[in-house]
>>> print(open('structure_18.cif').read())   # mmCIF, C-alpha atoms
data_start
loop_
_atom_site.label_atom_id
_atom_site.label_comp_id
_atom_site.auth_asym_id
_atom_site.auth_seq_id
_atom_site.Cartn_x
_atom_site.Cartn_y
_atom_site.Cartn_z
CA MET A 1 140.09 99.74 102.76
CA ALA A 2 137.50 97.81 104.76
CA GLU A 3 139.07 94.46 105.60
CA ALA A 4 135.86 92.45 105.98
CA GLY A 5 134.45 93.63 102.66
CA PRO A 6 131.02 95.19 102.09
CA LEU A 7 127.89 94.22 103.98
CA SER A 8 124.76 92.84 102.32
CA LEU A 9 121.17 93.93 102.79
CA CYS A 10 120.09 90.53 101.53
CA ALA A 11 121.86 88.86 104.45
CA ARG A 12 119.89 90.88 106.99
CA GLU A 13 116.61 89.73 108.56
CA PRO A 14 116.03 92.22 111.38
CA HIS A 15 113.51 91.73 114.17
CA VAL A 16 112.10 94.90 115.69
CA PRO A 17 110.59 94.70 119.22
CA ALA A 18 107.50 96.75 120.01
CA ASP A 19 109.31 99.01 122.48
CA ARG A 20 111.70 100.08 119.73
CA LEU A 21 108.73 101.02 117.53
CA VAL A 22 107.54 103.39 120.27
CA ALA A 23 110.97 104.82 121.08
CA GLU A 24 111.67 105.51 117.41
CA MET A 25 108.55 107.65 116.93
CA VAL A 26 110.66 110.79 116.54
CA PRO A 27 111.67 112.72 113.40
CA PRO A 28 114.15 110.63 111.37
CA PRO A 29 117.86 111.56 111.34
CA ARG A 30 117.53 113.66 108.18
CA PHE A 31 115.16 115.94 110.09
CA ASP A 32 116.97 116.03 113.46
CA SER A 33 118.13 119.61 113.01
CA VAL A 34 115.32 121.12 110.94
CA ARG A 35 113.41 124.04 112.40
CA PHE A 36 110.96 126.60 111.08
CA SER A 37 113.93 128.96 110.78
CA THR A 38 115.73 126.55 108.45
CA TYR A 39 112.78 126.22 106.07
CA VAL A 40 113.45 128.52 103.12
CA PRO A 41 110.15 129.62 101.57
CA ASP A 42 110.05 130.21 97.84
CA PRO A 43 109.45 133.98 97.42
CA GLY A 44 107.10 133.18 94.56
CA ARG A 45 104.98 130.87 96.73
CA PRO A 46 103.43 132.92 99.56
CA SER A 47 101.57 129.85 100.85
CA GLN A 48 104.90 128.52 102.12
CA SER A 49 105.57 131.52 104.37
CA GLU A 50 101.95 131.45 105.52
CA ALA A 51 102.26 127.77 106.49
CA VAL A 52 105.29 128.56 108.66
CA ARG A 53 103.41 131.38 110.38
CA VAL A 54 100.35 129.24 111.11
CA LEU A 55 102.37 126.26 112.33
CA GLU A 56 104.45 128.44 114.66
CA GLY A 57 101.21 129.68 116.19
CA PHE A 58 99.86 126.14 116.42
CA ALA A 59 102.99 124.97 118.27
CA ALA A 60 102.78 127.92 120.65
CA GLY A 61 99.19 126.96 121.47
CA LEU A 62 100.21 123.50 122.62
CA GLY A 63 101.82 124.78 125.80
CA GLU A 64 99.17 123.30 128.09
CA ALA A 65 99.35 119.53 128.50
CA PRO A 66 96.09 117.63 127.91
CA ALA A 67 94.20 116.58 131.01
CA THR A 68 94.95 112.94 130.31
CA ALA A 69 98.70 113.59 130.38
CA ARG A 70 98.50 115.20 133.81
CA ARG A 71 96.76 112.07 135.13
CA GLY A 72 99.42 109.67 133.93
CA LEU A 73 100.29 107.94 130.69
CA PHE A 74 97.65 105.23 130.97
CA GLY A 75 94.89 107.44 132.34
CA PHE A 76 94.53 105.77 135.71
CA GLY A 77 92.46 107.73 138.21
CA ARG A 78 90.25 109.54 135.71
CA SER A 79 86.78 110.16 137.10
CA LYS A 80 85.28 110.78 133.69
CA ALA A 81 86.25 110.80 130.04
CA PRO A 82 87.90 114.01 128.87
CA LYS A 83 85.86 116.29 126.66
CA THR A 84 86.73 116.67 123.00
CA PRO A 85 88.52 120.02 122.58
CA ALA A 86 86.49 122.72 120.84
CA GLY A 87 87.64 123.92 117.42
CA PRO A 88 90.47 122.61 115.24
CA ARG A 89 92.84 120.37 117.16
CA GLY A 90 94.89 119.40 114.16
CA VAL A 91 96.60 120.70 111.04
CA TYR A 92 96.86 119.03 107.67
CA LEU A 93 99.72 120.02 105.35
CA ASP A 94 98.45 119.79 101.79
CA GLY A 95 100.86 119.92 98.86
CA GLY A 96 102.75 118.04 96.17
CA TYR A 97 105.86 115.99 96.86
CA GLY A 98 109.09 117.81 97.58
CA VAL A 99 107.58 121.11 98.81
CA GLY A 100 108.89 120.57 102.34
CA LYS A 101 105.86 119.12 104.13
CA THR A 102 107.98 116.70 106.17
CA HIS A 103 110.42 119.49 107.03
CA LEU A 104 107.53 121.56 108.37
CA LEU A 105 105.96 118.62 110.19
CA ALA A 106 109.26 117.82 111.91
CA SER A 107 109.74 121.52 112.73
CA LEU A 108 106.34 121.49 114.44
CA TRP A 109 107.45 118.47 116.51
CA HIS A 110 110.66 120.24 117.54
CA ALA A 111 108.85 123.52 118.33
CA THR A 112 106.23 121.92 120.57
CA ASP A 113 107.11 122.52 124.22
CA ALA A 114 106.98 118.97 125.54
CA GLU A 115 109.41 116.23 126.48
CA PRO A 116 110.32 113.96 123.53
CA GLU A 117 108.45 111.06 125.13
CA ARG A 118 105.26 113.17 125.20
CA LYS A 119 105.17 113.83 121.46
CA ALA A 120 105.33 111.32 118.62
CA PHE A 121 106.33 111.49 114.96
CA GLY A 122 105.96 108.69 112.44
CA THR A 123 104.68 107.70 109.04
CA PHE A 124 101.23 106.21 108.60
CA VAL A 125 102.87 102.82 108.00
CA GLU A 126 104.85 103.11 111.24
CA LEU A 127 101.67 103.97 113.14
CA THR A 128 99.79 100.95 111.77
CA ASN A 129 102.80 98.80 112.65
CA LEU A 130 102.62 100.13 116.21
CA VAL A 131 98.96 99.12 116.45
CA GLY A 132 99.88 95.68 115.12
CA ALA A 133 102.63 95.29 117.70
CA LEU A 134 100.84 96.68 120.76
CA GLY A 135 97.18 96.10 119.93
CA PHE A 136 94.61 98.86 119.50
CA GLN A 137 93.73 99.51 123.14
CA GLN A 138 97.35 99.53 124.30
CA THR A 139 98.25 101.95 121.51
CA VAL A 140 95.46 104.26 122.64
CA ARG A 141 96.73 104.13 126.22
CA THR A 142 100.35 104.64 125.14
CA LEU A 143 99.65 107.70 122.99
CA SER A 144 96.82 109.30 125.00
CA GLY A 145 99.25 111.10 127.30
CA HIS A 146 101.00 112.77 124.38
CA ARG A 147 100.82 116.47 123.62
CA LEU A 148 101.21 115.97 119.85
CA LEU A 149 101.09 113.20 117.27
CA CYS A 150 102.57 113.93 113.82
CA ILE A 151 101.69 111.52 110.99
CA ASP A 152 103.68 111.81 107.78
CA GLU A 153 102.43 110.28 104.52
CA PHE A 154 98.93 109.31 105.68
CA GLU A 155 98.04 106.42 103.37
CA LEU A 156 94.70 107.10 101.69
CA ASP A 157 94.92 104.05 99.43
CA ASP A 158 94.17 101.34 102.02
CA PRO A 159 90.55 101.63 103.24
CA GLY A 160 91.02 99.14 106.08
CA ASP A 161 94.05 100.85 107.55
CA THR A 162 92.48 104.28 107.02
CA VAL A 163 89.46 103.28 109.13
CA LEU A 164 91.75 101.77 111.78
CA VAL A 165 93.90 104.87 112.11
CA SER A 166 90.93 107.24 111.91
CA THR A 167 89.33 105.39 114.83
CA LEU A 168 92.60 105.61 116.74
CA LEU A 169 92.88 109.34 116.08
CA ALA A 170 89.29 109.91 117.24
CA ARG A 171 90.16 108.29 120.58
CA LEU A 172 93.31 110.41 120.86
CA VAL A 173 91.45 113.63 120.06
CA GLU A 174 89.01 112.75 122.87
CA ALA A 175 92.04 112.47 125.16
CA GLY A 176 93.23 115.95 124.15
CA VAL A 177 96.08 114.97 121.83
CA ALA A 178 96.85 117.48 119.07
CA LEU A 179 97.33 116.06 115.58
CA ALA A 180 99.27 117.05 112.48
CA ALA A 181 99.40 115.13 109.21
CA THR A 182 100.42 115.00 105.58
CA SER A 183 99.06 112.44 103.13
CA ASN A 184 99.58 110.52 99.93
CA THR A 185 97.22 110.61 96.99
CA LEU A 186 94.41 108.13 96.41
CA PRO A 187 94.64 105.49 93.65
CA GLY A 188 93.31 106.72 90.33
CA LYS A 189 94.05 110.37 91.11
CA LEU A 190 96.64 111.61 88.67
CA GLY A 191 98.89 114.66 88.58
CA GLU A 192 101.85 115.42 90.81
CA GLY A 193 100.42 118.86 91.53
CA ARG A 194 97.03 117.55 92.66
CA PHE A 195 96.23 118.49 96.22
CA ALA A 196 94.74 115.88 98.52
CA ALA A 197 92.96 117.85 101.27
CA ALA A 198 89.45 116.96 100.09
CA ASP A 199 90.36 113.27 99.94
CA PHE A 200 92.04 113.36 103.35
CA LEU A 201 89.16 115.13 105.09
CA ARG A 202 86.62 112.81 103.49
CA GLU A 203 88.51 109.63 104.39
CA ILE A 204 88.93 110.54 108.06
CA GLN A 205 85.21 111.36 108.14
CA GLY A 206 84.17 112.49 111.63
CA LEU A 207 87.64 113.85 112.36
CA SER A 208 87.57 116.43 109.59
CA ALA A 209 86.26 119.17 111.88
CA HIS A 210 89.42 118.86 113.97
CA PHE A 211 91.77 119.68 111.10
CA ARG A 212 92.73 122.96 109.50
CA ALA A 213 94.13 122.39 106.01
CA LEU A 214 97.22 124.37 105.01
CA ARG A 215 97.88 124.35 101.29
CA ILE A 216 101.58 124.54 100.38
CA ASP A 217 102.27 125.29 96.72
CA GLY A 218 105.66 124.75 95.16
CA GLU A 219 107.96 122.61 93.08
CA ASP A 220 110.09 119.73 94.32
CA TYR A 221 112.84 121.50 96.32
CA ARG A 222 115.27 118.64 95.67
CA HIS A 223 115.45 119.74 92.04
CA ARG A 224 115.58 123.51 92.55
CA GLY A 225 118.77 124.77 90.96
CA LEU A 226 120.50 121.41 91.29
CA PRO A 227 122.31 119.52 88.53
CA GLU A 228 120.79 116.48 86.93
CA ALA A 229 121.17 113.23 88.82
CA PRO A 230 124.51 111.57 88.14
CA ALA A 231 124.43 108.84 85.54
CA PRO A 232 124.77 105.29 86.89
CA TYR A 233 128.35 104.11 87.32
CA SER A 234 129.91 100.95 85.96
CA GLU A 235 129.54 97.79 88.04
CA ALA A 236 133.31 97.73 88.53
CA ALA A 237 133.26 101.29 89.94
CA VAL A 238 130.37 100.52 92.28
CA THR A 239 132.01 97.32 93.49
CA ARG A 240 135.33 99.09 94.12
CA ALA A 241 133.58 101.84 96.06
CA ALA A 242 131.67 99.31 98.16
CA HIS A 243 134.90 97.53 99.12
CA ALA A 244 136.65 100.81 99.86
CA THR A 245 133.86 102.31 102.02
CA GLU A 246 133.57 101.12 105.59
CA GLY A 247 129.99 100.27 106.49
CA ALA A 248 128.78 100.10 102.88
CA SER A 249 126.54 97.33 101.57
CA LEU A 250 126.77 95.74 98.14
CA ASP A 251 123.86 93.86 96.57
CA ALA A 252 122.54 92.90 93.17
CA PHE A 253 119.35 94.90 92.62
CA PRO A 254 117.17 91.92 91.55
CA ALA A 255 118.26 89.95 94.64
CA LEU A 256 117.45 92.92 96.87
CA LEU A 257 113.96 93.22 95.40
CA ASP A 258 113.38 89.53 96.11
CA HIS A 259 114.65 89.96 99.67
CA LEU A 260 112.31 92.88 100.35
CA ALA A 261 109.38 90.53 99.75
CA ARG A 262 110.57 88.42 102.70
CA VAL A 263 111.02 91.32 105.15
CA HIS A 264 108.03 93.20 106.56
CA PRO A 265 108.14 96.90 105.56
CA SER A 266 108.06 97.85 109.25
CA ARG A 267 111.61 96.45 109.43
CA TYR A 268 113.06 98.32 106.45
CA GLY A 269 114.45 100.99 108.75
CA ALA A 270 116.21 98.37 110.85
CA LEU A 271 117.41 96.77 107.62
CA THR A 272 119.56 99.86 107.04
CA ASP A 273 120.94 100.15 110.59
CA GLY A 274 124.60 101.15 110.65
CA LEU A 275 125.01 101.50 106.89
CA SER A 276 127.19 104.29 105.55
CA ALA A 277 126.12 103.70 101.93
CA VAL A 278 124.06 101.32 99.79
CA CYS A 279 125.76 100.08 96.62
CA LEU A 280 123.67 98.34 93.96
CA THR A 281 124.59 96.52 90.78
CA GLY A 282 122.29 95.45 87.98
CA VAL A 283 119.64 98.11 88.57
CA GLY A 284 116.79 97.48 86.15
CA PRO A 285 113.04 97.96 85.70
CA VAL A 286 110.88 97.03 88.69
CA PRO A 287 108.80 94.06 87.53
CA ASP A 288 105.42 94.65 89.21
CA GLN A 289 103.47 96.99 91.42
CA SER A 290 103.85 95.06 94.69
CA THR A 291 107.63 95.10 94.27
CA ALA A 292 107.52 98.78 93.31
CA LEU A 293 105.61 99.74 96.46
CA ARG A 294 108.11 97.88 98.64
CA LEU A 295 110.93 99.75 96.92
CA VAL A 296 109.14 103.04 97.66
CA VAL A 297 109.18 102.22 101.39
CA LEU A 298 112.88 101.33 101.28
CA ALA A 299 113.64 104.56 99.42
CA ASP A 300 111.80 106.51 102.12
CA ARG A 301 113.76 104.83 104.94
CA LEU A 302 117.10 105.41 103.15
CA TYR A 303 116.22 109.05 102.54
CA ASP A 304 115.13 109.57 106.15
CA ARG A 305 118.45 108.17 107.33
CA GLU A 306 120.53 110.03 104.71
CA VAL A 307 122.13 106.83 103.39
CA PRO A 308 123.79 107.52 99.99
CA VAL A 309 122.90 105.14 97.15
CA LEU A 310 125.52 104.30 94.51
CA ALA A 311 124.14 102.36 91.56
CA ALA A 312 125.12 100.63 88.35
CA GLY A 313 122.59 99.87 85.65
CA LEU A 314 119.44 101.75 84.71
CA PRO A 315 119.00 105.40 85.82
CA PHE A 316 116.57 105.82 88.71
CA ASP A 317 114.09 107.76 86.59
CA ARG A 318 113.57 104.61 84.52
CA LEU A 319 112.86 102.21 87.39
CA PHE A 320 109.08 102.35 87.01
CA SER A 321 107.18 101.59 83.83
CA GLU A 322 105.17 104.20 81.99
CA GLU A 323 102.02 102.37 83.08
CA MET A 324 103.06 102.65 86.75
CA LEU A 325 103.84 106.36 86.37
CA LYS A 326 100.35 106.95 84.98
CA GLY A 327 98.56 104.84 87.58
CA GLY A 328 97.09 105.41 90.99
CA TYR A 329 100.42 105.21 92.83
CA ARG A 330 102.09 107.70 90.51
CA LYS A 331 102.79 110.19 93.28
CA LYS A 332 104.60 107.58 95.39
CA TYR A 333 106.78 106.52 92.47
CA PHE A 334 107.75 110.08 91.64
CA ARG A 335 108.63 110.67 95.28
CA ALA A 336 110.82 107.57 95.26
CA ILE A 337 112.56 108.70 92.06
CA SER A 338 113.12 112.15 93.56
CA ARG A 339 114.53 110.77 96.81
CA LEU A 340 116.75 108.15 95.17
CA THR A 341 118.06 110.84 92.83
CA ALA A 342 118.99 112.99 95.83
CA LEU A 343 120.74 110.02 97.47
CA ALA A 344 122.58 109.27 94.22
CA ARG A 345 123.97 112.82 94.29
CA ASP A 346 125.04 112.23 97.88
CA ALA A 347 126.93 109.10 96.78
CA ALA A 348 129.03 110.77 94.08
CA HIS A 349 131.98 111.30 96.44
CA LEU A 350 132.30 107.53 96.96
CA VAL A 351 133.61 107.29 93.40
CA ASP A 352 135.15 110.76 93.15
CA PRO A 353 136.35 112.00 96.62
CA SER A 354 136.79 115.51 95.21
CA ARG A 355 132.99 115.81 95.07
CA LYS A 356 132.51 115.31 98.80
#
>>> encode(input="structure_18.cif", output="structure tokens")
Amino acid sequence: MAEAGPLSLCAREPHVPADRLVAEMVPPPRFDSVRFSTYVPDPGRPSQSEAVRVLEGFAAGLGEAPATARRGLFGFGRSKAPKTPAGPRGVYLDGGYGVGKTHLLASLWHATDAEPERKAFGTFVELTNLVGALGFQQTVRTLSGHRLLCIDEFELDDPGDTVLVSTLLARLVEAGVALAATSNTLPGKLGEGRFAAADFLREIQGLSAHFRALRIDGEDYRHRGLPEAPAPYSEAAVTRAAHATEGASLDAFPALLDHLARVHPSRYGALTDGLSAVCLTGVGPVPDQSTALRLVVLADRLYDREVPVLAAGLPFDRLFSEEMLKGGYRKKYFRAISRLTALARDAAHLVDPSRK
């Protein structure tokens, strides 16, 4: 039994220096070991096998470093600006949530023949946070020597940030950096099976010619052949498990939601540093959209880091109101439910060790 008792997310106020933001632009721990060979295409969805084939070829074509990289990370000594590469210099993975887009994106990062410091992987939010920390010009100089930049969950619902990142990507394409991306749906666009390629290519405007869209059909793999998510446990069971699990945190869900409003989303990953499990009591409906979107980011960071979530209270599929699940951020909320459900399954052994 842990002598010091459980930790608390609400007691943490992490500060993340800019150099850590750069160093952490690699696939998250959940995707450390994924490769194209570990992606299991659904036999009934030929687009999945086709995506693997195309991405393997794309990775193989990135063997030559861009001219900028050969001249140094910050481009010193260039006599003239590099020419924009002819033809598609990027791929866009287009599909519903849970079809393995992040698995494939991380596999592309791993398959690209370049040192880890010459290829970057991050979510759209992490990329905008990098620009905020370094400034636009320094971010351009920092990433221009890269062979590949992978952007997961490109946010199409914030026009300002979309223009910022599109401008950044245009500068990187000019420097010879290859791009790969997935995206979220736009507000007001309903349907978990709706594909976003047209929205993505329109929003990035002048960059659209540099992307080849790969449509990936399929159902959420986290629910294929798996049992229903475990029902929430009693508060007593969750509390006992938190005290008995070294490195676990224990927080009341309403207090955690309040705390998330005081921590910038760029720090949610650091908020979970060193945790072996997150234990929550009093889980109930999320009160408003701003709170819901913060919870989505936390769910993503927990899922990336494979941190189990043990909860007492309302089941995770009832966190968001019917109005939220019909609104413009519907796809994000369903992704959060799916990921929290997977993490709840992972936490079952904390209460019943025989299920480990």
>>> resolve_selection(input="structure_18.cif", expression="the PyMOL selection byres ((chain A and resi 343) around 12)", output="PyMOL selection string")
chain A and resi 30+222+229-230+276-279+299-311+316+336-342+344-350
>>> resolve_selection(input="structure_18.cif", expression="the PyMOL selection byres ((chain A and resi 118-131) around 9)", output="MDAnalysis selection string")
chainID A and resid 18 21:28 69 105:106 109 112 114:117 132:140 143 145:155 161 164:165 183 265:266
>>> atom_distance(input="structure_18.cif", atom1="atom CA of A:Tyr329", atom2="atom CA of A:Asp94")
17.2 Å
>>> closest_residue(input="structure_18.cif", among="A:Pro353, A:Pro159, A:Gly282, A:Gly274", to="A:Ser249", atoms="only C-alpha atoms")
A:Gly274
>>> atom_distance(input="structure_18.cif", atom1="atom CA of A:Pro17", atom2="atom CA of A:Arg267")
10.0 Å
